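Below is upload-v2.csv, which holds CSV, C-alpha atoms (C1' of nucleotides).
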```
chain,number,residue,atom,x,y,z
A,91,MET,CA,-12.9,-41.6,113.9
A,92,PRO,CA,-9.7,-42.1,111.8
A,93,ILE,CA,-7.8,-39.4,113.6
A,94,GLU,CA,-4.7,-41.1,112.2
A,95,PHE,CA,-5.4,-39.8,108.6
A,96,PRO,CA,-6.8,-36.3,108.4
A,97,THR,CA,-8.0,-35.3,104.9
A,98,ASP,CA,-7.0,-31.7,105.3
A,99,ALA,CA,-3.4,-31.0,104.1
A,100,LYS,CA,-2.7,-28.6,106.9
A,101,ALA,CA,-3.7,-31.1,109.5
A,102,ALA,CA,-1.8,-33.9,107.7
A,103,PHE,CA,1.4,-31.8,107.7
A,104,ALA,CA,1.1,-31.1,111.4
A,105,LEU,CA,0.4,-34.7,112.2
A,106,GLN,CA,3.4,-35.8,110.2
A,107,ARG,CA,5.7,-33.5,112.2
A,108,LYS,CA,4.2,-34.8,115.4
A,109,LEU,CA,4.4,-38.5,114.6
A,110,ALA,CA,7.9,-38.0,113.2
A,111,ARG,CA,9.1,-37.3,116.7
A,112,GLU,CA,7.9,-40.7,117.8
A,113,VAL,CA,10.0,-42.6,115.3
A,114,ARG,CA,12.8,-44.6,117.0
A,115,LEU,CA,15.9,-45.6,115.1
A,116,GLU,CA,17.1,-48.5,117.3
A,117,ALA,CA,18.6,-51.9,116.6
A,118,CYS,CA,16.4,-53.9,114.2
A,119,PRO,CA,14.9,-57.1,115.7
A,120,SER,CA,17.3,-60.0,115.7
A,121,GLN,CA,14.7,-62.8,116.2
A,122,VAL,CA,12.3,-62.7,113.2
A,123,SER,CA,10.0,-65.6,112.3
A,124,LEU,CA,7.1,-63.6,110.8
A,125,VAL,CA,7.6,-60.8,108.2
A,126,ALA,CA,4.7,-58.7,106.8
A,127,GLY,CA,4.6,-56.8,103.6
A,128,CYS,CA,2.1,-54.2,102.3
A,129,ASP,CA,1.1,-52.3,99.3
A,130,ALA,CA,-2.0,-50.7,97.7
A,131,ALA,CA,-3.7,-50.5,94.3
A,132,LEU,CA,-6.8,-48.6,93.1
A,133,SER,CA,-10.1,-50.3,92.5
A,134,PRO,CA,-11.1,-50.7,88.8
A,135,ASP,CA,-13.4,-47.7,89.0
A,136,GLY,CA,-10.7,-45.7,90.7
A,137,ARG,CA,-12.9,-44.8,93.6
A,138,GLU,CA,-11.5,-47.1,96.3
A,139,VAL,CA,-8.0,-48.0,97.6
A,140,LEU,CA,-7.2,-51.7,97.9
A,141,GLY,CA,-5.0,-52.2,100.9
A,142,VAL,CA,-3.0,-55.4,100.8
A,143,ALA,CA,-1.1,-57.1,103.6
A,144,VAL,CA,0.8,-60.4,103.4
A,145,LEU,CA,2.3,-62.5,106.1
A,146,LEU,CA,5.3,-64.6,105.4
A,147,ASP,CA,7.5,-66.9,107.5
A,148,TYR,CA,11.2,-66.2,107.9
A,149,PRO,CA,13.6,-67.3,106.7
A,150,GLY,CA,11.5,-69.4,104.5
A,151,LEU,CA,9.7,-66.4,103.0
A,152,HIS,CA,6.6,-68.5,102.0
A,153,LEU,CA,3.2,-66.8,101.9
A,154,LEU,CA,1.2,-67.7,105.0
A,155,HIS,CA,-1.7,-65.2,104.8
A,156,LEU,CA,-3.2,-62.6,102.6
A,157,GLU,CA,-5.5,-59.8,103.7
A,158,VAL,CA,-7.2,-57.2,101.4
A,159,CYS,CA,-9.2,-54.2,102.6
A,160,ARG,CA,-11.1,-51.7,100.5
A,161,GLN,CA,-11.6,-48.1,101.7
A,162,PRO,CA,-13.0,-45.1,99.8
A,163,LEU,CA,-10.4,-42.9,98.2
A,164,THR,CA,-10.4,-39.6,100.0
A,165,MET,CA,-7.2,-37.9,98.9
A,166,PRO,CA,-5.6,-37.1,95.5
A,167,TYR,CA,-1.9,-38.2,95.2
A,168,VAL,CA,0.3,-35.5,96.7
A,169,PRO,CA,4.0,-36.2,97.0
A,170,GLY,CA,4.7,-36.3,100.7
A,171,LEU,CA,1.2,-37.2,101.7
A,172,LEU,CA,0.9,-40.7,100.3
A,173,SER,CA,0.1,-42.3,103.6
A,174,PHE,CA,-3.1,-40.2,103.9
A,175,ARG,CA,-4.3,-41.7,100.6
A,176,GLU,CA,-3.2,-45.3,101.0
A,177,GLY,CA,-2.7,-45.6,104.7
A,178,PRO,CA,-6.3,-46.2,105.8
A,179,ALA,CA,-6.8,-49.3,103.6
A,180,VAL,CA,-3.3,-50.6,104.2
A,181,LEU,CA,-3.5,-50.2,108.0
A,182,ALA,CA,-6.9,-52.0,108.0
A,183,ALA,CA,-5.4,-54.9,106.1
A,184,LEU,CA,-2.4,-55.1,108.4
A,185,GLU,CA,-4.7,-55.1,111.5
A,186,ALA,CA,-6.7,-57.9,110.0
A,187,LEU,CA,-3.7,-60.2,109.8
A,188,PRO,CA,-4.1,-63.2,112.1
A,189,GLN,CA,-0.8,-62.6,113.9
A,190,ARG,CA,1.5,-59.6,114.6
A,191,PRO,CA,4.7,-59.8,112.4
A,192,ASP,CA,8.1,-59.2,113.9
A,193,LEU,CA,9.0,-56.9,111.0
A,194,LEU,CA,7.1,-54.9,108.4
A,195,LEU,CA,8.3,-54.0,104.9
A,196,VAL,CA,6.3,-51.2,103.3
A,197,ASP,CA,6.1,-50.1,99.6
A,198,GLY,CA,7.2,-46.5,100.0
A,199,ALA,CA,9.5,-44.3,101.9
A,200,GLY,CA,10.4,-44.5,105.6
A,201,ILE,CA,12.2,-41.5,107.2
A,202,ALA,CA,13.5,-40.5,103.8
A,203,HIS,CA,10.6,-38.0,103.5
A,204,PRO,CA,10.3,-34.2,103.6
A,205,ARG,CA,9.0,-34.3,107.2
A,206,GLY,CA,10.6,-37.6,108.2
A,207,LEU,CA,7.4,-39.6,108.1
A,208,GLY,CA,6.9,-41.6,104.9
A,209,ILE,CA,4.2,-44.2,104.9
A,210,ALA,CA,6.5,-46.9,106.3
A,211,ALA,CA,7.3,-44.6,109.3
A,212,HIS,CA,3.7,-43.6,109.7
A,213,LEU,CA,2.5,-47.2,109.8
A,214,GLY,CA,5.4,-48.3,111.9
A,215,VAL,CA,4.6,-45.7,114.6
A,216,LEU,CA,0.9,-46.3,114.6
A,217,LEU,CA,1.4,-50.1,115.0
A,218,ASP,CA,4.6,-49.7,117.0
A,219,LEU,CA,6.2,-52.3,114.8
A,220,PRO,CA,9.8,-52.5,113.4
A,221,ALA,CA,9.2,-51.2,109.9
A,222,ILE,CA,11.2,-50.5,106.8
A,223,GLY,CA,10.5,-48.3,103.8
A,224,VAL,CA,11.2,-49.9,100.4
A,225,ALA,CA,10.7,-47.3,97.6
A,226,LYS,CA,11.2,-48.0,93.9
A,227,SER,CA,12.2,-44.5,93.2
A,228,ARG,CA,13.6,-41.5,95.1
A,229,LEU,CA,11.4,-39.0,97.0
A,230,ILE,CA,14.2,-36.9,98.6
A,231,GLY,CA,18.0,-37.2,98.9
A,232,GLU,CA,21.0,-37.1,96.6
A,233,GLU,CA,21.1,-39.4,93.7
A,234,LEU,CA,24.3,-41.3,94.4
A,235,MET,CA,24.7,-44.5,92.5
A,236,PRO,CA,25.9,-47.6,94.3
A,237,GLY,CA,28.1,-50.3,92.7
A,238,PRO,CA,26.5,-52.6,90.1
A,239,LEU,CA,26.2,-55.8,92.1
A,240,ARG,CA,23.6,-57.1,94.5
A,241,GLY,CA,24.3,-55.8,98.0
A,242,ASP,CA,26.2,-52.7,96.8
A,243,ARG,CA,24.8,-49.6,98.6
A,244,ALA,CA,25.4,-45.9,98.6
A,245,PRO,CA,24.2,-43.6,101.4
A,246,LEU,CA,21.0,-41.7,100.7
A,247,GLN,CA,21.8,-38.2,101.9
A,248,HIS,CA,19.8,-35.1,102.3
A,249,HIS,CA,21.1,-31.8,103.6
A,250,GLY,CA,24.3,-33.6,104.5
A,251,LYS,CA,22.6,-36.2,106.6
A,252,THR,CA,22.3,-39.9,105.8
A,253,ILE,CA,18.7,-40.9,105.9
A,254,GLY,CA,18.7,-44.3,104.2
A,255,SER,CA,20.4,-46.4,101.5
A,256,ILE,CA,20.3,-46.6,97.8
A,257,LEU,CA,20.5,-50.4,97.6
A,258,ARG,CA,21.3,-52.7,94.6
A,259,THR,CA,19.2,-55.8,95.1
A,260,ARG,CA,20.0,-57.4,91.8
A,261,ASP,CA,23.1,-57.2,89.6
A,262,GLY,CA,22.8,-54.4,87.1
A,263,VAL,CA,19.2,-53.5,88.0
A,264,ARG,CA,17.9,-50.2,89.2
A,265,PRO,CA,18.4,-49.8,92.9
A,266,LEU,CA,15.8,-49.5,95.7
A,267,TYR,CA,15.6,-46.5,98.1
A,268,VAL,CA,15.6,-48.1,101.5
A,269,SER,CA,15.1,-46.1,104.7
A,270,PRO,CA,14.1,-47.2,108.2
A,271,GLY,CA,10.4,-46.6,109.1
A,272,HIS,CA,10.5,-47.3,112.8
A,273,ARG,CA,12.5,-49.3,115.4
A,274,CYS,CA,15.2,-50.1,112.9
A,275,THR,CA,18.6,-48.6,111.9
A,276,ILE,CA,19.7,-47.4,108.5
A,277,ALA,CA,22.2,-50.2,108.0
A,278,GLY,CA,19.8,-52.8,109.5
A,279,ALA,CA,17.0,-51.7,107.1
A,280,ALA,CA,19.2,-52.4,104.1
A,281,ASP,CA,20.4,-55.7,105.6
A,282,TRP,CA,16.9,-56.9,106.1
A,283,VAL,CA,15.8,-56.0,102.6
A,284,LEU,CA,18.6,-58.1,101.3
A,285,ALA,CA,17.8,-60.9,103.7
A,286,CYS,CA,14.2,-60.9,102.4
A,287,GLY,CA,15.2,-61.0,98.8
A,288,ARG,CA,14.6,-64.1,96.6
A,289,GLY,CA,16.3,-63.1,93.4
A,290,TYR,CA,14.0,-60.3,92.3
A,291,ARG,CA,14.5,-56.5,92.6
A,292,LEU,CA,11.8,-56.3,95.3
A,293,PRO,CA,12.1,-58.2,98.6
A,294,GLU,CA,9.5,-61.0,98.9
A,295,PRO,CA,7.1,-59.2,101.3
A,296,THR,CA,6.5,-56.2,99.1
A,297,ARG,CA,6.9,-58.1,95.9
A,298,LEU,CA,4.1,-60.4,96.9
A,299,ALA,CA,1.9,-57.6,98.2
A,300,ASP,CA,2.5,-55.8,95.0
A,301,ARG,CA,1.6,-58.7,92.8
A,302,LEU,CA,-1.4,-59.8,94.8
A,303,ALA,CA,-2.8,-56.2,94.8
A,304,ALA,CA,-2.7,-56.3,91.0
A,305,GLU,CA,-4.2,-59.7,91.0
A,306,HIS,CA,-7.1,-58.7,93.3
A,307,LYS,CA,-7.7,-55.6,91.2
A,308,ARG,CA,-7.9,-57.8,88.1
A,309,LEU,CA,-10.5,-60.0,89.7
A,310,LEU,CA,-12.6,-57.1,90.7
A,311,LYS,CA,-12.5,-55.8,87.1
A,312,GLU,CA,-13.7,-59.2,85.8
A,313,GLN,CA,-16.5,-59.3,88.4
A,314,GLY,CA,-17.6,-55.9,87.4
A,315,GLU,CA,-17.6,-56.7,83.7
A,316,ALA,CA,-19.6,-59.9,84.3
A,317,HIS,CA,-22.1,-58.0,86.3
A,318,SER,CA,-22.5,-55.4,83.5
A,319,ALA,CA,-22.9,-58.1,81.0
A,320,ARG,CA,-25.8,-59.6,83.0
A,321,GLN,CA,-27.5,-56.3,83.1
A,322,LEU,CA,-27.5,-56.1,79.3
A,323,LEU,CA,-29.1,-59.6,78.9
B,734,DG,C1',9.8,-17.9,90.6
B,735,DC,C1',11.7,-22.6,88.8
B,736,DG,C1',12.3,-27.5,89.3
B,737,DA,C1',11.5,-32.0,92.0
B,738,DC,C1',8.2,-35.0,93.5
B,739,DA,C1',7.1,-42.4,97.2
B,740,DG,C1',2.6,-44.4,94.8
C,98,DA,C1',-0.4,-45.5,90.7
C,99,DT,C1',-2.1,-46.1,85.7
C,100,DC,C1',-2.2,-46.1,80.5
C,101,DT,C1',0.1,-50.0,77.1
C,102,DT,C1',3.3,-53.7,72.6
C,103,DG,C1',6.9,-55.0,71.5
C,104,DT,C1',11.5,-55.8,72.4
C,105,DC,C1',16.5,-56.2,74.0
C,106,DG,C1',19.2,-59.2,77.0
C,107,DC,C1',20.6,-63.0,80.3
```
Can you dump the structure from the file as structure tokens?
Amino acid sequence: MPIEFPTDAKAAFALQRKLAREVRLEACPSQVSLVAGCDAALSPDGREVLGVAVLLDYPGLHLLHLEVCRQPLTMPYVPGLLSFREGPAVLAALEALPQRPDLLLVDGAGIAHPRGLGIAAHLGVLLDLPAIGVAKSRLIGEELMPGPLRGDRAPLQHHGKTIGSILRTRDGVRPLYVSPGHRCTIAGAADWVLACGRGYRLPEPTRLADRLAAEHKRLLKEQGEAHSARQLL
DNA sequence: GCGACAG
DNA sequence: ATCTTGTCGC
């Protein structure tokens, strides 16, 4: 049974507080040759979650492998409980990768979360992999703006504590909210996100996972429409 | 009670 | 996330 992802909100809260204690903020890996990225999308009918995991080489950042896993949607979107909605499908995709990555970049928050366990931290702990949360918008923390140039960063603080970085990954473009997920430091997380960048706002791992998730969803939609058309003829 | 709120 | 066209700027 998927004890990792209870459907009940009470159980989910309790599990987050428990797993948050297992998060380790240590030095990020120095030797990285494989980087993974993950994201999710909804199936065309909105009843399933498409978990997507990609494996890239480093520092080349070329796509080596793509894995897509479909799981039934069991939870509505509730801020703070995202991992219980997308986690099952994304975890399955990550576990299906042919090799274990040295680092994982996740579309979503790391420890910059109400209970310290955003989806990047949740997945990082479950897989015991160095993980980084790369969010496109803020979940918690003060909205301090970094400088306008790529690489500029401002501390993401909450209740006086720094929990991540607001990082500018492209000149003059909206910053990303980066926080460590597991086995990584706050500074190291931002450094790795920049190191995995290829000129776009999103670092390659999550950018590819993002794009391929949308691509796969579109394919499913076309297949569904073709099937419906045949039924009519 | 009133706002805020990853994807 | 998802619904959606054109449009301003490098």
Any idea which chain B residues end up within 9 Å of chain A if we count all atoms listed in the file, as a VMD selection string please?
chain B and resid 737 to 740
Starting from chain C, keep only residues with some atom at most 12 Å from an atom of chain A, counting all atoms listed in the file, and report them as a ChimeraX atom specification.
/C:98-99,106-107
To one decimal in Å, tell me the separation between CA of Ala179 in chain A and CA of Gly214 in chain A.
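Between these atoms lies a distance of 14.8 Å.
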Between CA of Gly150 in chain A and CA of Asp281 in chain A, distance in Å (one decimal):
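Taking CA of Gly150 in chain A as the start and CA of Asp281 in chain A as the end point, the length is 16.4 Å.
Between CA of Cys286 in chain A and CA of Val142 in chain A the separation is 18.1 Å.
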As a list in words, please: the residues near Ala99 in chain A (cut-off 10 Å, only C-alpha atoms (C1' of nucleotides), same-chain neighbours under 4 positions excluded).
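Once the nearby chain positions are removed, what remains is Phe103, Ala104, Leu105, Met165, Val168, Leu171 and Phe174 of chain A.
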Could you list, as a PyMOL selection string, every residue within 12 Å of Ala303 in chain A, counting all atoms listed in the file and ignoring same-chain residues fewer than 6 positions away?
(chain A and resi 127-134+139-144+156-160+179-180+183+197+296-297+309-310) or (chain C and resi 98)
